[in-house]
file input02.cif (mmCIF, C-alpha atoms)
data_query
loop_
_atom_site.label_atom_id
_atom_site.label_comp_id
_atom_site.auth_asym_id
_atom_site.auth_seq_id
_atom_site.Cartn_x
_atom_site.Cartn_y
_atom_site.Cartn_z
CA MET U 1 -23.00 -19.97 20.09
CA VAL U 2 -23.60 -16.85 22.12
CA TYR U 3 -23.76 -13.62 20.19
CA ILE U 4 -22.97 -10.62 22.34
CA GLU U 5 -24.53 -7.28 21.48
CA SER U 6 -22.26 -5.00 23.46
CA TRP U 7 -18.71 -4.58 22.21
CA ASP U 8 -17.27 -3.74 25.62
CA ASP U 9 -18.86 -6.82 27.19
CA PHE U 10 -17.44 -8.96 24.43
CA VAL U 11 -13.92 -7.61 25.01
CA GLU U 12 -14.14 -8.05 28.77
CA LYS U 13 -15.41 -11.62 28.56
CA SER U 14 -12.80 -12.55 25.96
CA VAL U 15 -9.95 -11.39 28.15
CA GLN U 16 -11.46 -13.23 31.13
CA LEU U 17 -11.75 -16.41 29.08
CA PHE U 18 -8.16 -16.15 27.99
CA ARG U 19 -6.87 -15.55 31.48
CA SER U 20 -8.82 -18.49 32.84
CA ASP U 21 -7.39 -20.91 30.27
CA PRO U 22 -4.57 -19.50 28.14
CA GLU U 23 -3.61 -22.83 26.64
CA LYS U 24 -6.98 -23.61 25.15
CA THR U 25 -8.45 -20.20 24.36
CA ARG U 26 -8.37 -19.12 20.73
CA TYR U 27 -9.64 -16.08 18.88
CA ALA U 28 -11.01 -16.53 15.38
CA MET U 29 -12.11 -13.92 12.89
CA LYS U 30 -14.11 -14.48 9.73
CA TYR U 31 -14.46 -11.87 7.05
CA ARG U 32 -16.68 -12.12 3.98
CA HIS U 33 -16.08 -9.36 1.48
CA CYS U 34 -18.95 -10.43 -0.77
CA ASP U 35 -21.47 -10.10 2.11
CA GLY U 36 -19.69 -7.31 3.95
CA LYS U 37 -19.84 -9.27 7.20
CA LEU U 38 -17.35 -9.69 10.01
CA VAL U 39 -17.67 -12.25 12.82
CA LEU U 40 -15.36 -12.57 15.82
CA LYS U 41 -15.28 -15.69 17.98
CA VAL U 42 -13.44 -16.38 21.23
CA THR U 43 -13.64 -19.85 22.73
CA ASP U 44 -11.85 -22.16 25.14
CA ASP U 45 -13.69 -25.21 23.78
CA ARG U 46 -16.07 -25.05 26.73
CA GLU U 47 -17.56 -21.59 26.45
CA CYS U 48 -17.91 -19.63 23.26
CA ILE U 49 -18.71 -15.99 22.67
CA LYS U 50 -19.23 -14.32 19.32
CA PHE U 51 -19.65 -10.85 17.94
CA LYS U 52 -20.98 -10.11 14.47
CA THR U 53 -21.15 -6.87 12.58
CA ASP U 54 -21.31 -5.21 9.19
CA GLN U 55 -20.20 -1.76 10.36
CA ALA U 56 -16.89 -0.20 9.39
CA GLN U 57 -16.57 1.44 12.80
CA ASP U 58 -16.46 -2.01 14.41
CA ALA U 59 -13.49 -2.89 12.23
CA LYS U 60 -11.60 -0.10 13.96
CA LYS U 61 -12.60 -1.44 17.38
CA MET U 62 -11.53 -4.87 16.25
CA GLU U 63 -8.06 -3.58 15.42
CA LYS U 64 -7.60 -2.49 19.01
CA PHE U 65 -8.98 -5.81 20.15
CA ASN U 66 -6.42 -7.53 17.91
CA ASN U 67 -3.68 -5.58 19.61
CA ILE U 68 -4.90 -6.80 22.99
CA PHE U 69 -4.89 -10.39 21.92
CA PHE U 70 -1.60 -10.28 20.04
CA THR U 71 0.05 -8.97 23.18
CA LEU U 72 -1.69 -11.44 25.49
CA MET U 73 -0.89 -14.37 23.28
CA ALA U 74 2.66 -13.46 22.42
CA ARG U 75 3.70 -12.47 25.91
CA GLY U 76 1.48 -14.72 27.95
CA PRO U 77 -1.31 -14.00 30.43
CA ASP U 78 1.20 -12.81 33.01
CA GLY U 79 1.77 -9.57 31.13
CA ASN U 80 0.19 -6.69 32.95
CA VAL U 81 -2.40 -5.34 30.63
CA LEU U 82 -4.12 -2.08 31.50
CA ALA U 83 -7.21 -1.03 29.66
CA HIS U 84 -8.00 2.61 29.31
CA TYR U 85 -11.56 3.48 28.60
CA CYS U 86 -11.24 6.65 26.61
CA LEU U 87 -14.30 8.48 27.82
CA SER U 88 -14.54 10.95 24.99
CA SER U 89 -14.70 8.51 22.12
CA SER U 90 -15.93 5.47 24.09
CA CYS U 91 -13.30 3.24 22.57
CA LEU U 92 -11.08 0.72 24.23
CA TYR U 93 -7.49 1.84 24.14
CA LEU U 94 -4.96 -0.60 25.34
CA GLY U 95 -1.70 0.24 26.94
CA ILE U 96 0.84 -2.39 27.81
CA ARG U 97 3.03 -2.03 30.82
CA VAL U 98 6.35 -3.78 30.52
CA ASN U 99 8.00 -4.59 33.83
CA ARG U 100 10.43 -1.73 33.52
CA ASN U 101 8.04 0.92 34.83
CA SER U 102 7.31 2.46 31.46
CA GLU U 103 4.60 5.06 31.82
CA PHE U 104 1.60 5.93 29.78
CA ARG U 105 0.76 9.40 28.66
CA CYS U 106 -2.96 9.22 29.00
CA ASN U 107 -5.28 11.00 31.38
CA ALA U 108 -8.13 8.56 30.95
CA VAL U 109 -9.42 6.34 33.70
CA ASN U 110 -7.43 3.14 34.14
CA THR U 111 -9.21 -0.12 34.55
CA ASP U 112 -7.24 -3.19 35.50
CA ILE U 113 -8.92 -6.12 33.82
CA SER U 114 -6.72 -8.65 35.59
CA GLU U 115 -8.56 -8.04 38.85
CA GLY U 116 -11.85 -8.82 37.22
CA GLY U 117 -13.17 -5.45 38.27
CA GLY U 118 -14.46 -4.75 34.80
CA LYS U 119 -15.53 -1.21 34.33
CA GLU U 120 -15.05 -0.18 37.93
CA GLN U 121 -12.62 2.58 38.55
CA VAL U 122 -9.74 0.87 40.28
CA GLU U 123 -7.18 3.63 40.07
CA ALA U 124 -7.55 7.22 39.15
CA GLN U 125 -4.25 8.32 37.68
CA ALA U 126 -2.96 11.76 38.53
CA PRO U 127 -2.16 13.95 35.53
CA ARG U 128 1.20 12.99 34.16
CA ARG U 129 4.29 15.12 34.11
CA GLY U 130 6.61 15.42 31.18
CA ARG U 131 4.46 16.93 28.53
CA GLY U 132 2.56 20.04 29.47
CA ARG U 133 3.24 22.87 31.78
CA LYS U 134 4.33 22.45 35.35
CA GLN U 135 1.84 23.93 37.73
CA MET W 1 -1.04 -26.54 6.46
CA VAL W 2 1.86 -24.42 5.34
CA ARG W 3 4.07 -22.95 8.06
CA LEU W 4 5.61 -19.66 6.92
CA GLN W 5 7.77 -16.89 8.32
CA PRO W 6 5.81 -13.78 9.43
CA ASP W 7 6.56 -11.69 6.31
CA PRO W 8 5.68 -14.28 3.65
CA PHE W 9 2.63 -15.08 5.78
CA LEU W 10 1.46 -11.47 5.50
CA ASN W 11 2.00 -11.49 1.73
CA GLU W 12 0.04 -14.69 1.36
CA LEU W 13 -2.71 -13.29 3.60
CA THR W 14 -3.02 -10.27 1.30
CA ASN W 15 -3.37 -12.61 -1.67
CA MET W 16 -6.08 -14.51 0.17
CA PHE W 17 -8.08 -11.35 0.71
CA GLU W 18 -7.70 -10.49 -2.98
CA ARG W 19 -8.89 -13.92 -4.09
CA THR W 20 -12.02 -13.84 -1.90
CA THR W 21 -13.31 -10.44 -3.01
CA GLU W 22 -16.14 -11.80 -5.12
CA LYS W 23 -16.85 -15.03 -3.30
CA GLY W 24 -15.69 -16.80 -0.14
CA SER W 25 -14.42 -15.92 3.34
CA VAL W 26 -11.14 -15.43 5.11
CA TRP W 27 -10.69 -16.94 8.57
CA VAL W 28 -7.84 -15.75 10.80
CA THR W 29 -7.26 -17.49 14.13
CA LEU W 30 -4.96 -16.47 16.96
CA LYS W 31 -3.78 -18.84 19.64
CA HIS W 32 -1.29 -18.87 22.51
CA SER W 33 0.94 -21.84 21.70
CA SER W 34 4.32 -23.31 22.50
CA ASP W 35 4.57 -25.35 19.31
CA LYS W 36 5.31 -28.48 21.37
CA SER W 37 3.18 -31.55 21.91
CA LYS W 38 1.34 -32.06 25.19
CA VAL W 39 3.64 -34.94 26.14
CA LYS W 40 6.74 -32.81 25.71
CA ARG W 41 5.16 -29.90 27.58
CA ASN W 42 4.33 -32.10 30.56
CA LYS W 43 7.87 -33.45 30.58
CA MET W 44 9.27 -29.94 30.52
CA LYS W 45 6.97 -28.94 33.35
CA THR W 46 8.06 -31.78 35.56
CA ALA W 47 11.70 -31.11 34.71
CA GLY W 48 11.21 -27.46 35.67
CA GLU W 49 12.23 -26.09 32.28
CA LYS W 50 10.69 -22.88 31.14
CA ILE W 51 8.40 -23.33 28.14
CA ASP W 52 8.66 -20.78 25.38
CA PHE W 53 5.27 -19.48 24.31
CA LYS W 54 4.49 -17.69 21.08
CA CYS W 55 1.41 -16.53 19.25
CA LEU W 56 0.25 -18.96 16.56
CA ILE W 57 -1.62 -17.28 13.73
CA ARG W 58 -3.52 -19.30 11.17
CA ALA W 59 -5.31 -18.07 8.08
CA THR W 60 -7.46 -19.91 5.58
CA ASP W 61 -9.78 -19.19 2.69
CA GLY W 62 -11.54 -22.54 2.98
CA LYS W 63 -9.12 -24.23 0.63
CA LYS W 64 -5.62 -23.24 1.49
CA THR W 65 -4.29 -22.81 5.05
CA ILE W 66 -1.20 -20.91 6.11
CA SER W 67 0.25 -20.33 9.54
CA THR W 68 3.04 -18.55 11.35
CA MET W 69 4.46 -18.15 14.85
CA VAL W 70 5.10 -14.71 16.29
CA GLY W 71 7.16 -14.24 19.43
CA PRO W 72 6.93 -11.46 22.02
CA LYS W 73 9.79 -9.50 20.44
CA ASP W 74 8.39 -9.17 16.94
CA HIS W 75 4.67 -9.12 17.71
CA GLN W 76 4.45 -5.30 17.67
CA ARG W 77 5.80 -5.09 14.15
CA PHE W 78 3.62 -7.95 12.99
CA GLN W 79 0.47 -6.50 14.49
CA SER W 80 0.98 -3.12 12.82
CA SER W 81 1.53 -4.76 9.41
CA TYR W 82 -1.48 -6.99 10.03
CA ALA W 83 -3.61 -3.97 10.96
CA THR W 84 -2.56 -2.21 7.75
CA ILE W 85 -3.62 -5.19 5.67
CA LEU W 86 -6.99 -5.41 7.39
CA LYS W 87 -7.64 -1.69 7.03
CA ALA W 88 -6.83 -1.84 3.34
CA ARG W 89 -8.88 -4.97 2.67
CA MET W 90 -11.98 -4.66 4.84
CA THR W 91 -13.69 -2.13 2.68
CA ALA W 92 -17.03 -3.85 2.21
CA LEU W 93 -18.32 -2.97 5.67
CA LYS W 94 -21.01 -0.33 5.93
CA LYS W 95 -20.01 3.14 6.91
CA ARG W 96 -22.43 4.81 9.26
CA GLU W 97 -23.40 8.18 7.81
CA ARG W 98 -25.31 10.72 9.79
CA LYS W 99 -27.09 11.90 6.65
CA ASP W 100 -28.52 8.42 6.15
CA LYS W 101 -29.60 8.37 9.79
CA ARG W 102 -31.43 11.67 9.39
CA LYS W 103 -33.11 10.46 6.23
CA VAL W 104 -34.21 7.27 8.01
CA ALA W 105 -35.48 9.32 10.95
CA ASP W 106 -37.41 11.63 8.62
CA SER W 107 -38.94 8.78 6.66
CA ASP W 108 -39.93 7.07 9.95
CA LYS W 109 -41.65 10.25 11.10
CA LYS W 110 -43.56 10.46 7.83
CA GLN W 111 -44.62 6.83 8.16
CA ASP W 112 -45.81 7.46 11.72
CA LYS W 113 -47.92 10.40 10.55
CA LYS W 114 -49.49 8.26 7.86
CA LYS W 115 -50.15 5.40 10.27
CA GLN W 116 -51.97 7.62 12.75
CA PRO W 117 -55.70 7.52 11.99
CA THR W 118 -57.20 10.83 11.04
CA LYS W 119 -58.35 12.40 14.27
CA PRO W 120 -61.74 14.02 14.39
CA SER W 121 -61.27 17.74 14.43
CA ASN W 122 -62.77 19.43 17.46
#

call {"tool": "encode", "arguments": {"input": "input02.cif", "output": "structure tokens"}}
result
Amino acid sequence: MVYIESWDDFVEKSVQLFRSDPEKTRYAMKYRHCDGKLVLKVTDDRECIKFKTDQAQDAKKMEKFNNIFFTLMARGPDGNVLAHYCLSSSCLYLGIRVNRNSEFRCNAVNTDISEGGGKEQVEAQAPRRGRGRKQ
Amino acid sequence: MVRLQPDPFLNELTNMFERTTEKGSVWVTLKHSSDKSKVKRNKMKTAGEKIDFKCLIRATDGKKTISTMVGPKDHQRFQSSYATILKARMTALKKRERKDKRKVADSDKKQDKKKQPTKPSN
């Protein structure tokens, strides 16, 4: 069992694992109220990565992680999933692009996990129109 | 293994969290599944039929196991209800307070001062 210290690494590797084998990969969560411990596990029955914590702030990160996996697992690995690293709060915000060109209203840097680029800046989005003043 | 609809599943999950407050754990597992056996899936593949995939969610407290399937259309609603339950129930985790951090830092500094041997005054 490999325990990963960094949250962002854990998220990245989990998504990679899922994309490499969507039929076998599963995500398990164990919560013990009496001990105040939370453990997350992602495995494809060949590799296994785990993340453990007792911090309430990690529960919030886990919620976003849950959103990622719900979407991936309900829609399938073909869904285009963009990850926005929100630089100010260093959290992982997930936006989901449906094939109908729906846009995001976020000025953060976009990272496309599907290309395996990880944290590299693949695209830098121009500031969006719609809300805000026209310059 | 009890297969439920998403809403009763969420109710039962809440009960599970309530029961394990003093003792025990709750496991929740998510998996991408088509709910069909491997044989049938292979047959569908060779026949060129499109296989319907959903998200299988299982929950157990060590004794009782419940499960549900959530499709792509209703997963948004399910995940927001699920998040609400988790937020309400996962209260035993430690909250990081800056005051505690400062106190720890101060007490560490004091310990360091004590540990340093008394230097000869020049």

call {"tool": "residues_around", "arguments": {"input": "input02.cif", "residues": "range 36-42 of chain W", "least_positions_apart": "5", "cutoff": "12 Å", "atoms": "all atoms listed in the file", "output": "NGL selection string"}}
result
(:U and (23-24)) or (:W and (47-54 or 56))

call {"tool": "interface_residues", "arguments": {"input": "input02.cif", "of": "chain W", "to": "chain U", "cutoff": "7 Å", "atoms": "all atoms listed in the file", "output": "list in words"}}
result
Thr20, Thr21, Glu22, Lys23, Gly24, Ser25, Val26, Trp27, Val28, Thr29, Leu30, Lys31, His32, Ser33, Phe53, Lys54, Cys55, Val70, Gly71, Pro72, His75, Gln79, Ala83, Ala92, Leu93, Lys94 and Lys95 of chain W

call {"tool": "write_last_selection", "arguments": {"input": "input02.cif", "atoms": "C-alpha atoms", "output": "JSON list (two decimals), in the frame of the given file"}}
result
[["chain", "number", "residue", "atom", "x", "y", "z"],
["W", 20, "THR", "CA", -12.02, -13.84, -1.90],
["W", 21, "THR", "CA", -13.31, -10.44, -3.01],
["W", 22, "GLU", "CA", -16.14, -11.80, -5.12],
["W", 23, "LYS", "CA", -16.85, -15.03, -3.30],
["W", 24, "GLY", "CA", -15.69, -16.80, -0.14],
["W", 25, "SER", "CA", -14.42, -15.92, 3.34],
["W", 26, "VAL", "CA", -11.14, -15.43, 5.11],
["W", 27, "TRP", "CA", -10.69, -16.94, 8.57],
["W", 28, "VAL", "CA", -7.84, -15.75, 10.80],
["W", 29, "THR", "CA", -7.26, -17.49, 14.13],
["W", 30, "LEU", "CA", -4.96, -16.47, 16.96],
["W", 31, "LYS", "CA", -3.78, -18.84, 19.64],
["W", 32, "HIS", "CA", -1.29, -18.87, 22.51],
["W", 33, "SER", "CA", 0.94, -21.84, 21.70],
["W", 53, "PHE", "CA", 5.27, -19.48, 24.31],
["W", 54, "LYS", "CA", 4.49, -17.69, 21.08],
["W", 55, "CYS", "CA", 1.41, -16.53, 19.25],
["W", 70, "VAL", "CA", 5.10, -14.71, 16.29],
["W", 71, "GLY", "CA", 7.16, -14.24, 19.43],
["W", 72, "PRO", "CA", 6.93, -11.46, 22.02],
["W", 75, "HIS", "CA", 4.67, -9.12, 17.71],
["W", 79, "GLN", "CA", 0.47, -6.50, 14.49],
["W", 83, "ALA", "CA", -3.61, -3.97, 10.96],
["W", 92, "ALA", "CA", -17.03, -3.85, 2.21],
["W", 93, "LEU", "CA", -18.32, -2.97, 5.67],
["W", 94, "LYS", "CA", -21.01, -0.33, 5.93],
["W", 95, "LYS", "CA", -20.01, 3.14, 6.91]]

call {"tool": "atom_distance", "arguments": {"input": "input02.cif", "atom1": "CA of Ser80 in chain W", "atom2": "CA of Pro6 in chain W"}}
result
12.2 Å

call {"tool": "atom_distance", "arguments": {"input": "input02.cif", "atom1": "CA of Leu4 in chain W", "atom2": "CA of Thr91 in chain W"}}
result
26.4 Å

call {"tool": "resolve_selection", "arguments": {"input": "input02.cif", "expression": "the PyMOL selection byres ((chain W and resi 61-66) around 9)", "output": "PyMOL selection string"}}
result
chain W and resi 1-4+9+12-13+16-17+19-20+24-27+57-60+67-68

call {"tool": "atom_distance", "arguments": {"input": "input02.cif", "atom1": "CA of Arg46 in chain U", "atom2": "CA of Lys43 in chain W"}}
result
25.7 Å
